[in-house]
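S.K.: To be precise about what I am sending: the file is called coords.txt and holds compact mmCIF, C-alpha atoms.
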```txt
# COMPACT_ATOMS: atom_id res chain seq x y z
CA MET I 106 20.09 -49.48 -3.30
CA LEU I 107 22.95 -48.51 -5.54
CA LEU I 108 22.15 -45.30 -7.42
CA TYR I 109 24.49 -43.99 -10.13
CA ASP I 110 23.54 -40.33 -10.45
CA TYR I 111 25.03 -38.87 -13.63
CA LYS I 112 23.85 -35.32 -12.86
CA HIS I 113 24.44 -35.42 -9.14
CA PRO I 114 22.63 -34.51 -6.92
CA ASP I 115 19.38 -34.59 -8.97
CA LEU I 116 18.44 -38.22 -8.27
CA SER I 117 20.39 -38.44 -5.01
CA LEU I 118 18.29 -35.64 -3.49
CA ILE I 119 15.09 -37.53 -4.32
CA ALA I 120 16.46 -40.79 -2.90
CA TYR I 121 17.67 -39.09 0.30
CA ASN I 122 14.35 -37.37 1.02
CA HIS I 123 12.26 -40.44 0.26
CA LEU I 124 14.47 -42.51 2.55
CA ARG I 125 14.01 -39.94 5.34
CA THR I 126 10.24 -40.06 4.84
CA HIS I 127 9.99 -43.85 4.95
CA LEU I 128 12.65 -44.83 7.49
CA SER I 129 9.98 -46.07 9.90
CA SER I 130 8.94 -48.73 7.37
CA TYR I 131 12.20 -50.67 7.77
CA ASP I 132 12.89 -53.31 10.41
CA LYS I 133 16.50 -52.20 10.23
CA PRO I 134 16.78 -48.71 8.72
CA PRO I 135 19.48 -48.47 6.04
CA LYS I 136 22.30 -45.96 6.31
CA PHE I 137 22.61 -43.29 3.62
CA HIS I 138 26.01 -42.87 1.96
CA VAL I 139 27.24 -40.62 -0.84
CA LEU I 140 30.39 -40.62 -2.96
CA ASP I 141 30.99 -37.19 -4.46
CA PHE I 142 34.41 -36.15 -5.80
CA ASP I 143 33.34 -32.53 -6.38
CA ASP I 144 32.36 -31.74 -2.78
CA PRO I 145 34.25 -33.81 -0.17
CA ARG I 146 32.16 -32.21 2.59
CA LYS I 147 29.10 -34.04 1.29
CA SER I 148 30.90 -37.27 0.55
CA ASN I 149 31.85 -40.37 2.47
CA ARG I 150 35.12 -42.15 1.85
CA CYS I 151 35.37 -45.70 0.54
CA ASN I 152 38.17 -47.88 -0.83
CA PRO I 153 36.88 -50.12 -3.68
CA LEU I 154 40.21 -52.00 -3.69
CA ASN I 155 39.98 -52.96 -0.03
CA PRO I 156 42.00 -56.20 0.36
CA ALA I 157 38.91 -57.91 1.80
CA TYR I 158 37.20 -57.56 -1.61
CA LEU I 159 40.11 -59.08 -3.56
CA GLU I 160 39.75 -62.81 -3.06
CA ASP I 161 41.81 -63.89 -6.07
CA ILE I 162 44.15 -62.36 -8.63
CA SER I 163 41.27 -62.59 -11.12
CA ASP I 164 39.50 -59.91 -9.03
CA ALA I 165 42.52 -57.66 -9.53
CA TYR I 166 42.43 -58.32 -13.29
CA GLU I 167 38.71 -57.53 -13.43
CA SER I 168 39.24 -54.27 -11.53
CA ALA I 169 42.05 -53.25 -13.88
CA TYR I 170 39.88 -54.09 -16.89
CA VAL I 171 37.02 -51.90 -15.67
CA ILE I 172 39.31 -48.98 -14.78
CA LEU I 173 40.97 -48.88 -18.19
CA LEU I 174 37.85 -49.45 -20.28
CA ASN I 175 36.16 -46.54 -18.51
CA LEU I 176 39.15 -44.38 -19.42
CA ASN I 177 39.09 -45.53 -23.04
CA LYS I 178 35.81 -47.17 -24.08
CA SER I 179 37.15 -48.01 -27.55
CA TRP I 180 39.20 -50.75 -25.88
CA ALA I 181 35.99 -52.79 -25.55
CA GLU I 182 36.43 -53.64 -29.23
CA LYS I 183 40.19 -54.34 -28.86
CA ALA I 184 40.16 -57.49 -26.74
CA GLY I 185 43.46 -59.31 -27.33
CA ASP I 186 45.28 -56.25 -28.65
CA PHE I 187 48.92 -56.27 -27.48
CA PHE I 188 49.06 -52.85 -25.84
CA THR I 189 45.54 -53.17 -24.41
CA GLU I 190 46.31 -56.49 -22.75
CA SER I 191 49.71 -55.22 -21.60
CA ALA I 192 48.12 -52.26 -19.83
CA ILE I 193 45.47 -54.41 -18.12
CA THR I 194 48.04 -57.02 -17.06
CA LEU I 195 50.41 -54.41 -15.62
CA LEU I 196 47.69 -52.64 -13.63
CA SER I 197 46.29 -55.92 -12.30
CA SER I 198 49.81 -56.89 -11.20
CA ILE I 199 50.17 -53.61 -9.30
CA ILE I 200 46.79 -54.10 -7.60
CA TRP I 201 47.60 -57.66 -6.53
CA PHE I 202 51.07 -56.65 -5.33
CA LEU I 203 49.54 -53.97 -3.09
CA LYS I 204 47.05 -56.57 -1.80
CA LEU I 205 49.99 -58.80 -0.76
CA TYR I 206 52.30 -56.05 0.51
CA LYS I 207 52.07 -55.56 4.29
CA ASN I 208 48.61 -57.17 4.42
CA GLY I 209 47.17 -54.65 1.97
CA ARG I 210 48.09 -51.56 3.95
CA TYR I 211 48.55 -49.52 0.75
CA CYS I 212 45.98 -51.32 -1.41
CA THR I 213 44.05 -48.32 -2.75
CA PHE I 214 43.44 -46.89 -6.21
CA PRO I 215 45.48 -43.71 -5.47
CA HIS I 216 48.47 -45.83 -4.42
CA CYS I 217 48.16 -47.80 -7.69
CA VAL I 218 48.32 -44.58 -9.71
CA GLU I 219 51.29 -43.22 -7.73
CA LEU I 220 53.15 -46.52 -7.95
CA LEU I 221 52.73 -46.41 -11.71
CA CYS I 222 54.41 -42.99 -11.74
CA GLN I 223 57.64 -44.49 -10.35
CA PRO I 224 60.52 -45.50 -12.71
CA TYR I 225 59.30 -48.50 -14.68
CA SER I 226 62.59 -50.41 -14.32
CA ASP I 227 62.23 -50.36 -10.52
CA LEU I 228 58.53 -51.18 -10.75
CA PHE I 229 59.11 -54.22 -12.99
CA THR I 230 61.87 -55.49 -10.69
CA ILE I 231 59.68 -55.20 -7.59
CA LEU I 232 56.63 -56.86 -9.15
CA ALA I 233 58.63 -59.69 -10.70
CA SER I 234 60.27 -60.46 -7.33
CA HIS I 235 56.98 -61.78 -5.94
CA PRO I 236 56.35 -65.45 -6.83
CA GLN I 237 52.64 -64.91 -7.58
CA LEU I 238 53.45 -62.20 -10.13
CA THR I 239 56.51 -63.67 -11.85
CA SER I 240 54.55 -65.15 -14.76
CA TYR I 241 52.39 -62.01 -15.09
CA MET I 242 55.47 -59.81 -15.42
CA SER I 243 57.58 -62.13 -17.60
CA ALA I 244 56.77 -60.33 -20.87
CA PHE I 245 57.73 -56.94 -19.40
CA VAL I 246 60.92 -58.21 -17.75
CA ASP I 247 62.04 -60.09 -20.89
CA ALA I 248 61.52 -57.01 -23.05
CA MET I 249 63.54 -54.92 -20.59
CA ARG I 250 66.38 -57.48 -20.52
CA GLU I 251 66.44 -57.58 -24.32
CA HIS I 252 66.76 -53.77 -24.33
CA ALA I 253 63.52 -53.41 -26.26
CA GLN I 254 63.04 -49.95 -24.81
CA ASP I 255 60.51 -48.80 -27.41
CA GLN I 256 58.28 -51.77 -26.67
CA VAL I 257 58.55 -51.35 -22.90
CA GLN I 258 57.87 -47.62 -23.04
CA GLY I 259 54.87 -48.27 -25.29
CA GLN I 260 53.48 -50.85 -22.86
CA VAL I 261 53.91 -48.53 -19.87
CA ALA I 262 52.65 -45.44 -21.71
CA SER I 263 49.45 -47.25 -22.79
CA LEU I 264 48.60 -47.49 -19.08
CA ARG I 265 50.32 -44.44 -17.59
CA ILE I 266 48.96 -41.77 -19.95
CA PRO I 267 45.22 -42.54 -19.42
CA LEU I 268 45.63 -42.93 -15.65
CA LEU I 269 47.57 -39.72 -15.09
CA ARG I 270 44.56 -37.59 -15.94
CA VAL I 271 42.63 -38.91 -12.93
CA ILE I 272 45.17 -37.58 -10.42
CA SER I 273 43.20 -35.30 -8.13
CA PRO I 274 43.51 -34.55 -4.40
CA GLN I 275 39.72 -34.81 -3.98
CA LEU I 276 39.54 -38.16 -5.75
CA TYR I 277 42.51 -39.43 -3.71
CA TRP I 278 40.74 -38.35 -0.51
CA VAL I 279 37.45 -40.14 -1.27
CA MET I 280 39.11 -43.36 -2.49
CA SER I 281 41.67 -43.76 0.29
CA GLY I 282 39.31 -44.12 3.27
CA ASP I 283 36.87 -46.72 4.58
CA ASP I 284 33.75 -45.17 6.11
CA PHE I 285 31.42 -48.03 5.14
CA PRO I 286 31.43 -51.49 3.50
CA LEU I 287 30.28 -51.95 -0.09
CA THR I 288 28.02 -54.89 0.81
CA ILE I 289 24.97 -52.60 0.74
CA ASN I 290 22.42 -55.47 0.96
CA ASP I 291 24.04 -57.11 3.99
CA PRO I 292 21.19 -57.84 6.48
CA ASP I 293 23.35 -56.46 9.31
CA HIS I 294 24.51 -53.31 7.47
CA PRO I 295 21.89 -52.26 4.86
CA ALA I 296 22.65 -49.06 2.98
CA VAL I 297 21.53 -46.73 0.22
CA LEU I 298 24.58 -45.59 -1.74
CA CYS I 299 24.47 -42.70 -4.20
CA ILE I 300 27.48 -42.39 -6.51
CA GLY I 301 27.64 -38.92 -8.00
CA SER I 302 29.13 -38.06 -11.38
CA ASN I 303 29.69 -34.77 -13.16
CA PRO I 304 29.06 -34.43 -16.93
CA ASN I 305 31.88 -31.87 -17.17
CA ARG I 306 34.41 -34.28 -15.60
CA GLN I 307 33.14 -37.57 -16.96
CA ASN I 308 36.50 -38.53 -18.48
CA ILE I 309 38.22 -38.04 -15.11
CA TYR I 310 35.73 -39.69 -12.79
CA SER I 311 34.43 -42.53 -14.98
CA CYS I 312 37.17 -45.04 -14.07
CA ALA I 313 36.62 -44.55 -10.32
CA LEU I 314 32.82 -44.68 -10.65
CA GLY I 315 33.00 -47.80 -12.81
CA LEU I 316 35.28 -49.46 -10.27
CA TYR I 317 32.81 -48.77 -7.44
CA CYS I 318 29.86 -50.10 -9.43
CA GLN I 319 31.76 -53.19 -10.54
CA ARG I 320 32.82 -54.07 -7.02
CA ILE I 321 29.35 -53.49 -5.52
CA ILE I 322 27.59 -55.51 -8.22
CA LYS I 323 29.83 -58.49 -7.53
CA LEU I 324 29.28 -58.24 -3.77
CA ILE I 325 25.48 -57.89 -3.81
CA ASN I 326 24.73 -60.66 -6.33
CA ARG I 327 24.82 -63.39 -3.67
CA LYS I 328 22.32 -65.49 -1.81
CA HIS I 329 20.91 -64.82 1.66
CA ARG I 330 21.03 -61.04 1.28
CA LEU I 331 18.35 -58.37 1.43
CA LYS I 332 16.45 -57.44 -1.72
CA CYS I 333 18.25 -54.64 -3.49
CA SER I 334 17.97 -52.35 -6.50
CA VAL I 335 20.65 -51.11 -8.88
CA ILE I 336 19.71 -47.90 -10.71
CA LEU I 337 22.11 -46.74 -13.43
CA ASP I 338 21.21 -43.40 -14.98
CA GLU I 339 22.77 -42.66 -18.39
CA LEU I 340 24.31 -46.13 -18.60
CA PRO I 341 26.58 -45.46 -21.63
CA THR I 342 28.60 -42.96 -19.56
CA LEU I 343 29.73 -45.85 -17.35
CA TYR I 344 31.34 -49.15 -18.34
CA VAL I 345 30.28 -52.06 -16.11
CA LYS I 346 31.81 -55.42 -16.97
CA ASN I 347 29.45 -58.43 -17.20
CA LEU I 348 26.37 -56.27 -16.80
CA ASP I 349 24.36 -58.73 -18.88
CA ASN I 350 25.28 -61.48 -16.41
CA LEU I 351 23.96 -59.36 -13.53
CA ILE I 352 20.63 -58.81 -15.33
CA ALA I 353 20.32 -62.51 -16.14
CA THR I 354 21.26 -63.98 -12.74
CA ALA I 355 20.56 -61.33 -10.09
CA ARG I 356 16.78 -61.73 -10.13
CA SER I 357 17.03 -65.01 -8.21
CA ASN I 358 19.09 -63.14 -5.59
CA LYS I 359 16.42 -60.42 -5.26
CA VAL I 360 18.42 -57.79 -7.12
CA CYS I 361 16.49 -55.51 -9.49
CA VAL I 362 18.42 -53.70 -12.23
CA CYS I 363 17.07 -50.49 -13.79
CA MET I 364 19.05 -48.79 -16.57
CA GLY I 365 18.50 -45.51 -18.39
CA VAL I 366 19.69 -45.05 -21.99
CA GLN I 367 18.99 -42.16 -24.37
CA ASP I 368 19.38 -44.29 -27.49
CA PHE I 369 20.59 -47.80 -28.33
CA SER I 370 23.30 -46.37 -30.57
CA GLN I 371 24.99 -44.86 -27.49
CA LEU I 372 25.10 -48.28 -25.86
CA THR I 373 26.59 -49.83 -29.00
CA ARG I 374 29.22 -47.08 -29.25
CA ASP I 375 30.49 -47.51 -25.68
CA TYR I 376 29.91 -51.23 -25.01
CA GLY I 377 30.56 -52.66 -28.44
CA GLU I 378 28.08 -54.34 -30.77
CA LYS I 379 28.12 -57.80 -29.18
CA GLU I 380 27.83 -56.77 -25.53
CA SER I 381 25.26 -54.09 -26.33
CA GLN I 382 23.09 -56.61 -28.18
CA VAL I 383 23.23 -59.06 -25.27
CA ILE I 384 22.21 -56.37 -22.76
CA ARG I 385 19.26 -55.27 -24.91
CA ASN I 386 18.04 -58.81 -25.45
CA THR I 387 18.42 -59.85 -21.79
CA VAL I 388 16.19 -57.13 -20.36
CA GLY I 389 12.60 -58.27 -19.80
CA ASN I 390 10.91 -54.93 -19.09
CA ILE I 391 11.40 -51.96 -21.38
CA ILE I 392 9.81 -48.49 -21.43
CA SER I 393 10.58 -46.03 -24.23
CA GLY I 394 9.71 -42.48 -25.09
CA GLN I 395 10.39 -40.94 -28.49
CA VAL I 396 13.37 -42.52 -30.28
CA LEU I 397 14.39 -42.35 -33.92
CA GLY I 398 15.98 -44.44 -36.64
CA SER I 399 17.21 -47.95 -35.85
CA SER I 400 16.19 -47.69 -32.18
CA ALA I 401 12.54 -47.07 -33.15
CA LYS I 402 12.65 -49.95 -35.62
CA GLU I 403 14.16 -52.29 -33.03
CA MET I 404 11.52 -51.29 -30.47
CA SER I 405 8.75 -51.94 -32.98
CA GLU I 406 10.16 -55.37 -33.81
CA ARG I 407 10.40 -56.16 -30.11
CA PHE I 408 6.65 -55.61 -29.68
CA GLY I 409 5.88 -58.03 -32.50
CA LYS I 410 3.08 -58.11 -35.04
CA ILE I 411 -0.66 -58.67 -35.02
CA LEU I 412 -3.05 -60.06 -37.63
CA GLN I 413 -4.97 -57.14 -39.14
CA GLU I 414 -8.01 -57.35 -41.38
CA ARG I 415 -8.06 -55.06 -44.42
CA LYS I 416 -11.05 -54.28 -46.58
CA SER I 417 -10.84 -52.85 -50.07
CA ILE I 418 -13.76 -51.63 -52.21
CA SER I 419 -13.67 -51.34 -56.00
CA ILE I 420 -16.34 -49.23 -57.71
CA ASN I 421 -16.98 -48.97 -61.46
CA PRO I 422 -20.02 -47.88 -63.49
CA ASP I 423 -21.44 -51.40 -63.73
CA SER I 424 -20.59 -52.96 -60.37
CA ARG I 425 -19.18 -52.62 -56.92
CA SER I 426 -16.95 -55.28 -55.35
CA THR I 427 -15.57 -55.69 -51.83
CA SER I 428 -12.56 -57.82 -50.92
CA VAL I 429 -11.33 -58.66 -47.44
CA ASN I 430 -7.85 -59.96 -46.65
CA THR I 431 -5.57 -60.26 -43.64
CA GLN I 432 -1.92 -59.46 -43.11
CA MET I 433 0.58 -59.15 -40.29
CA ASP I 434 1.27 -55.54 -39.18
CA GLU I 435 3.39 -54.14 -36.37
CA ILE I 436 1.51 -53.73 -33.09
CA ILE I 437 3.26 -50.36 -32.57
CA PRO I 438 4.83 -49.13 -35.85
CA ALA I 439 8.22 -47.41 -35.81
CA SER I 440 6.56 -44.31 -37.26
CA LYS I 441 4.37 -44.09 -34.14
CA ILE I 442 7.39 -44.37 -31.82
CA THR I 443 9.29 -41.62 -33.65
CA THR I 444 6.41 -39.16 -33.17
CA LEU I 445 5.56 -39.76 -29.50
CA SER I 446 4.72 -36.57 -27.58
CA GLN I 447 6.20 -35.68 -24.20
CA GLY I 448 4.72 -37.89 -21.49
CA TRP I 449 3.74 -40.66 -23.91
CA PHE I 450 5.53 -44.00 -23.73
CA VAL I 451 5.48 -47.44 -25.28
CA GLY I 452 6.83 -50.57 -23.67
CA ALA I 453 6.56 -54.20 -22.69
CA VAL I 454 6.64 -55.86 -19.29
CA ALA I 455 7.46 -59.39 -18.12
CA ASP I 456 5.33 -61.38 -15.68
CA ASN I 457 5.62 -64.35 -13.32
CA HIS I 458 3.78 -67.64 -13.70
CA ASP I 459 1.90 -66.97 -10.44
CA VAL I 460 1.03 -63.38 -11.42
CA PRO I 461 0.24 -63.39 -15.14
CA ILE I 462 -0.24 -60.13 -17.04
CA GLU I 463 -2.58 -60.31 -20.00
CA GLN I 464 -1.73 -56.94 -21.52
CA LYS I 465 2.11 -56.95 -21.58
CA ILE I 466 2.51 -54.32 -24.33
CA PHE I 467 1.33 -50.75 -23.81
CA HIS I 468 1.15 -47.36 -25.49
CA ALA I 469 0.01 -44.83 -22.92
CA GLU I 470 0.51 -41.45 -21.29
CA ILE I 471 2.10 -41.14 -17.86
CA VAL I 472 0.02 -38.49 -16.13
CA VAL I 473 2.02 -36.33 -13.71
CA ASP I 474 0.33 -34.32 -10.98
CA HIS I 475 2.60 -31.26 -11.18
CA ALA I 476 1.00 -29.59 -8.17
CA GLN I 477 1.65 -32.62 -5.98
CA VAL I 478 5.23 -32.92 -7.25
CA LYS I 479 5.86 -29.25 -6.55
CA SER I 480 4.40 -29.60 -3.06
CA GLU I 481 6.57 -32.64 -2.34
CA THR I 482 9.83 -31.18 -3.64
CA ALA I 483 9.24 -27.97 -1.66
CA LYS I 484 9.64 -30.01 1.52
CA TYR I 485 12.97 -31.54 0.46
CA VAL I 486 15.94 -30.92 2.71
CA PRO I 487 19.44 -30.45 1.22
CA MET I 488 21.94 -33.29 0.97
CA PRO I 489 23.57 -33.95 4.36
CA VAL I 490 27.10 -32.94 5.29
CA MET I 491 29.16 -36.13 5.66
CA ALA I 492 32.56 -34.76 6.69
CA ASP I 493 33.50 -31.90 8.99
CA PHE I 494 36.88 -30.36 8.16
CA ARG I 495 36.80 -27.65 10.84
CA ASP I 496 39.43 -27.57 13.56
CA ALA I 497 38.90 -26.78 17.25
CA SER I 498 38.72 -23.05 16.53
CA GLY I 499 36.05 -23.53 13.87
CA ALA I 500 38.32 -22.74 10.90
CA ASP I 501 37.74 -24.72 7.71
CA ARG I 502 40.83 -26.82 6.94
CA MET I 503 39.39 -28.95 4.12
CA GLU I 504 41.95 -27.94 1.50
CA ALA I 505 44.89 -28.44 3.88
CA ILE I 506 43.66 -31.87 5.03
CA ILE I 507 42.96 -33.13 1.50
CA ASN I 508 46.32 -31.90 0.21
CA ALA I 509 48.10 -33.50 3.18
CA ASN I 510 46.43 -36.82 2.32
CA TYR I 511 47.51 -36.38 -1.32
CA ASP I 512 51.14 -35.71 -0.33
CA ARG I 513 51.12 -38.66 2.08
CA ILE I 514 50.04 -41.10 -0.62
CA LYS I 515 52.72 -39.86 -3.02
CA LYS I 516 55.36 -40.17 -0.30
CA GLU I 517 54.23 -43.67 0.69
CA ALA I 518 54.47 -44.87 -2.93
CA ALA I 519 58.00 -43.48 -3.28
CA GLU I 520 59.05 -44.99 0.07
CA LEU I 521 57.57 -48.35 -0.91
CA VAL I 522 59.68 -48.49 -4.08
CA LYS I 523 62.79 -47.40 -2.20
CA THR I 524 62.30 -50.00 0.55
CA GLU I 525 61.55 -52.85 -1.85
CA MET I 526 64.51 -52.06 -4.10
CA GLN I 527 66.78 -52.07 -1.05
CA ARG I 528 65.32 -55.44 0.01
CA ILE I 529 65.93 -56.93 -3.43
CA LYS I 530 69.47 -55.55 -3.46
CA ASN I 531 70.22 -57.05 -0.04
CA GLU I 532 68.81 -60.44 -1.07
CA THR I 533 70.87 -60.43 -4.27
CA GLU I 534 74.07 -59.60 -2.41
CA ALA I 535 73.37 -62.34 0.15
CA LYS I 536 72.93 -64.90 -2.65
CA GLN I 537 76.19 -63.82 -4.31
CA LYS I 538 78.10 -64.25 -1.05
CA LYS I 539 76.82 -67.82 -0.72
```
Could you render the structure as structure tokens?

M.R.:
Amino acid sequence: MLLYDYKHPDLSLIAYNHLRTHLSSYDKPPKFHVLDFDDPRKSNRCNPLNPAYLEDISDAYESAYVILLNLNKSWAEKAGDFFTESAITLLSSIIWFLKLYKNGRYCTFPHCVELLCQPYSDLFTILASHPQLTSYMSAFVDAMREHAQDQVQGQVASLRIPLLRVISPQLYWVMSGDDFPLTINDPDHPAVLCIGSNPNRQNIYSCALGLYCQRIIKLINRKHRLKCSVILDELPTLYVKNLDNLIATARSNKVCVCMGVQDFSQLTRDYGEKESQVIRNTVGNIISGQVLGSSAKEMSERFGKILQERKSISINPDSRSTSVNTQMDEIIPASKITTLSQGWFVGAVADNHDVPIEQKIFHAEIVVDHAQVKSETAKYVPMPVMADFRDASGADRMEAIINANYDRIKKEAAELVKTEMQRIKNETEAKQKK
């Protein structure tokens, strides 16, 4: 299971305790992993840009696309825009360069951010020196050679400014390690992964969280894997590229997708009109509580209409007449959906040809046994500690260790640029001597 927990650890705590309760039901019990940028003690470490996951330069482009659209969701409507495409192309070039450099030794998201902080003239020179990136970097190099400084600075700033706000020692710590693989439905290494967000830091964490989800979704949607679920709470807070494709194709690979949305207008705002419409129309099962406006109208239209019989009676002093006619009315009117009480839901479910469901549309109350829920949650144990930062004497050195990792990454990025520029200089001098 992949669980995106927007208000971590609300859902993660439930998942962890249910897994503990039912571990004996598995032939091969899954491991439990957590990614939490707020509390590194209760977080594993994982590198979503591990070179093993980047099979082609298109994977680097896709990763760059997801990172930047999570930082600025309005870019979803700006496909083809000059500065948007420039930013995505530059970041994808950096990712692919780090994949090639020293067998991907520095291929992590923190190294990408730090490399972007280096002087852009050196960065362009280094990237363009690699044959696989020459064509990608041609527009940047040509602009620099033509002394179009305003254009170059605009291209770099469109990428650098959004990314600089994600610089954080805790985020660098979590994203620069490899405690577990992201193939969570691998029969040999099954896992339940909870990815924790924080509503107060959504703008900082969203690009990293989106990158994790994007990479996992691509890895699990394959044949000959274990059945798996993807649960995305508050979907509009996270941009996942090609989510509609996952919904449409993953069922055959035993992947179930469950998404939570407050209102369709949120989805349209953050995913764009076209992509939002495709996602809504691709989903087969839908459950809705009270919604208003266009969302209620769309839900009502989704449930369809039914032939209703209407009888009218006319009475006057001399006679009485009765007329009967039929007309098509909504099965569940929008007015009914806008006035639903707490606990009441409407919805529609899909079936299989071997297990038909006669009553696919419902309007019912979900009855909750509050006493049983209270009894169950009282037995919950807290989220486990994943990392121990204490030294031999028992002193907590978490802050020192995380800051040392942060300083190391910054130093490695600076050294990389220095080494590569020296290599290019030596090669140029050798060519001139010949």

S.K.: Do you know which residues are at most 12 Å from Ile272 of chain I counting only C-alpha atoms, after dropping those on the same chain fewer than 2 positions away, and could you put them as a count of residues only?

M.R.: 30

S.K.: Would you kindly return, as a PyMOL selection string, each protein, DNA or RNA residue with an atom no farther than 6 Å from any atom of Ala355 of chain I, considering all atoms listed in the file and excluding same-chain residues fewer than 4 positions away?

M.R.: chain I and resi 326+351+360

S.K.: Could you save the residues just selected, with C-alpha atoms, as a compact mmCIF listing (two decimals), in the coordinates of the input?

M.R.:
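Contents of part_1.txt, freshly written:
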```txt
# COMPACT_ATOMS: atom_id res chain seq x y z
CA ASN I 326 24.73 -60.66 -6.33
CA LEU I 351 23.96 -59.36 -13.53
CA VAL I 360 18.42 -57.79 -7.12
```

S.K.: Find the residues around segment 232-235 of chain I up to 9 Å (all atoms listed in the file counted), leave out those fewer than 4 positions away in its own chain, and share them as a list in words.

M.R.: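 The residues satisfying every condition are Ser198, Ile199, Phe202, Asp227, Leu228, Thr239, Ser240, Tyr241, Met242, Ser243, Val246 and Ile529 of chain I.
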
S.K.: Do you know which residues lie at most 12 Å from (17.6, -41.8, -22.0), with coordinates as in the file and only C-alpha atoms counted, and could you write them as a list in words?

M.R.: Tyr111, Leu337, Asp338, Glu339, Leu340, Pro341, Thr342, Cys363, Met364, Gly365, Val366, Gln367, Asp368, Phe369, Ser370, Gln371, Leu372, Ile391, Ile392, Ser393, Gly394, Gln395, Val396 and Ser400 of chain I

S.K.: Kindly indicate which residue among I:Ile442, I:Pro422, I:Leu196, I:Ser381 lies nearest to Lys402 of chain I, using all atoms listed in the file for the distances.

M.R.: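 Result for the nearest residue to Lys402 of chain I: I:Ile442.
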
S.K.: Grab the atom CA of Ser480 of chain I to atom CA of Cys299 of chain I distance for me, in Å with one decimal place.

M.R.: 24.0 Å

S.K.: Between I:Ala353, I:Ala401, I:Val472, I:Ala296, which one has atoms that come closest to Val388 of chain I, using only C-alpha atoms?

M.R.: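 Ranked by minimum distance to Val388 of chain I, first place goes to I:Ala353.
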
S.K.: Quote the spacing between atom CA of Glu190 of chain I and atom CA of Asn303 of chain I in Å to one decimal place.

M.R.: 29.0 Å

S.K.: Check the smallest atom-to-atom distance from each of I:Arg327, I:Asp291, I:Pro145, I:Ala244 to Val279 of chain I using only C-alpha atoms, then report the winner.

M.R.: I:Pro145

S.K.: If you measure from atom CA of Asp434 of chain I to atom CA of Leu397 of chain I, what distance in Å do you get, rounded to one decimal?

M.R.: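 So the answer is 19.3 Å.
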
S.K.: Out of I:Val362, I:Ala165, I:Ile119, I:Met106, which residue has the shortest atom-to-atom distance to Met488 of chain I when counting all atoms listed in the file?

M.R.: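 For Met488 of chain I, the nearest of the given residues is I:Ile119.
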
S.K.: Nearest to Glu525 of chain I among I:Ser426, I:Thr230, I:Gln413, I:Thr194, with distances taken over all atoms listed in the file: which residue is it?

M.R.: I:Thr230

S.K.: Need to verify the contact set: Ser148 of chain I, 7 Å, all atoms listed in the file, exclusion of same-chain residues closer than 2 positions in sequence. Can you return it as a list in words?

M.R.: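 The residues satisfying every condition are Val139, Leu140, Asp141, Asp144, Pro145, Arg146, Arg150, Met491 and Ala492 of chain I.
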
S.K.: Could you pull out every residue with an atom within 12 Å of (59.2, -58.3, -21.5), file coordinates, counting only C-alpha atoms, and send them as a PyMOL selection string?

M.R.: chain I and resi 191+195+225-226+229-230+233+239-261
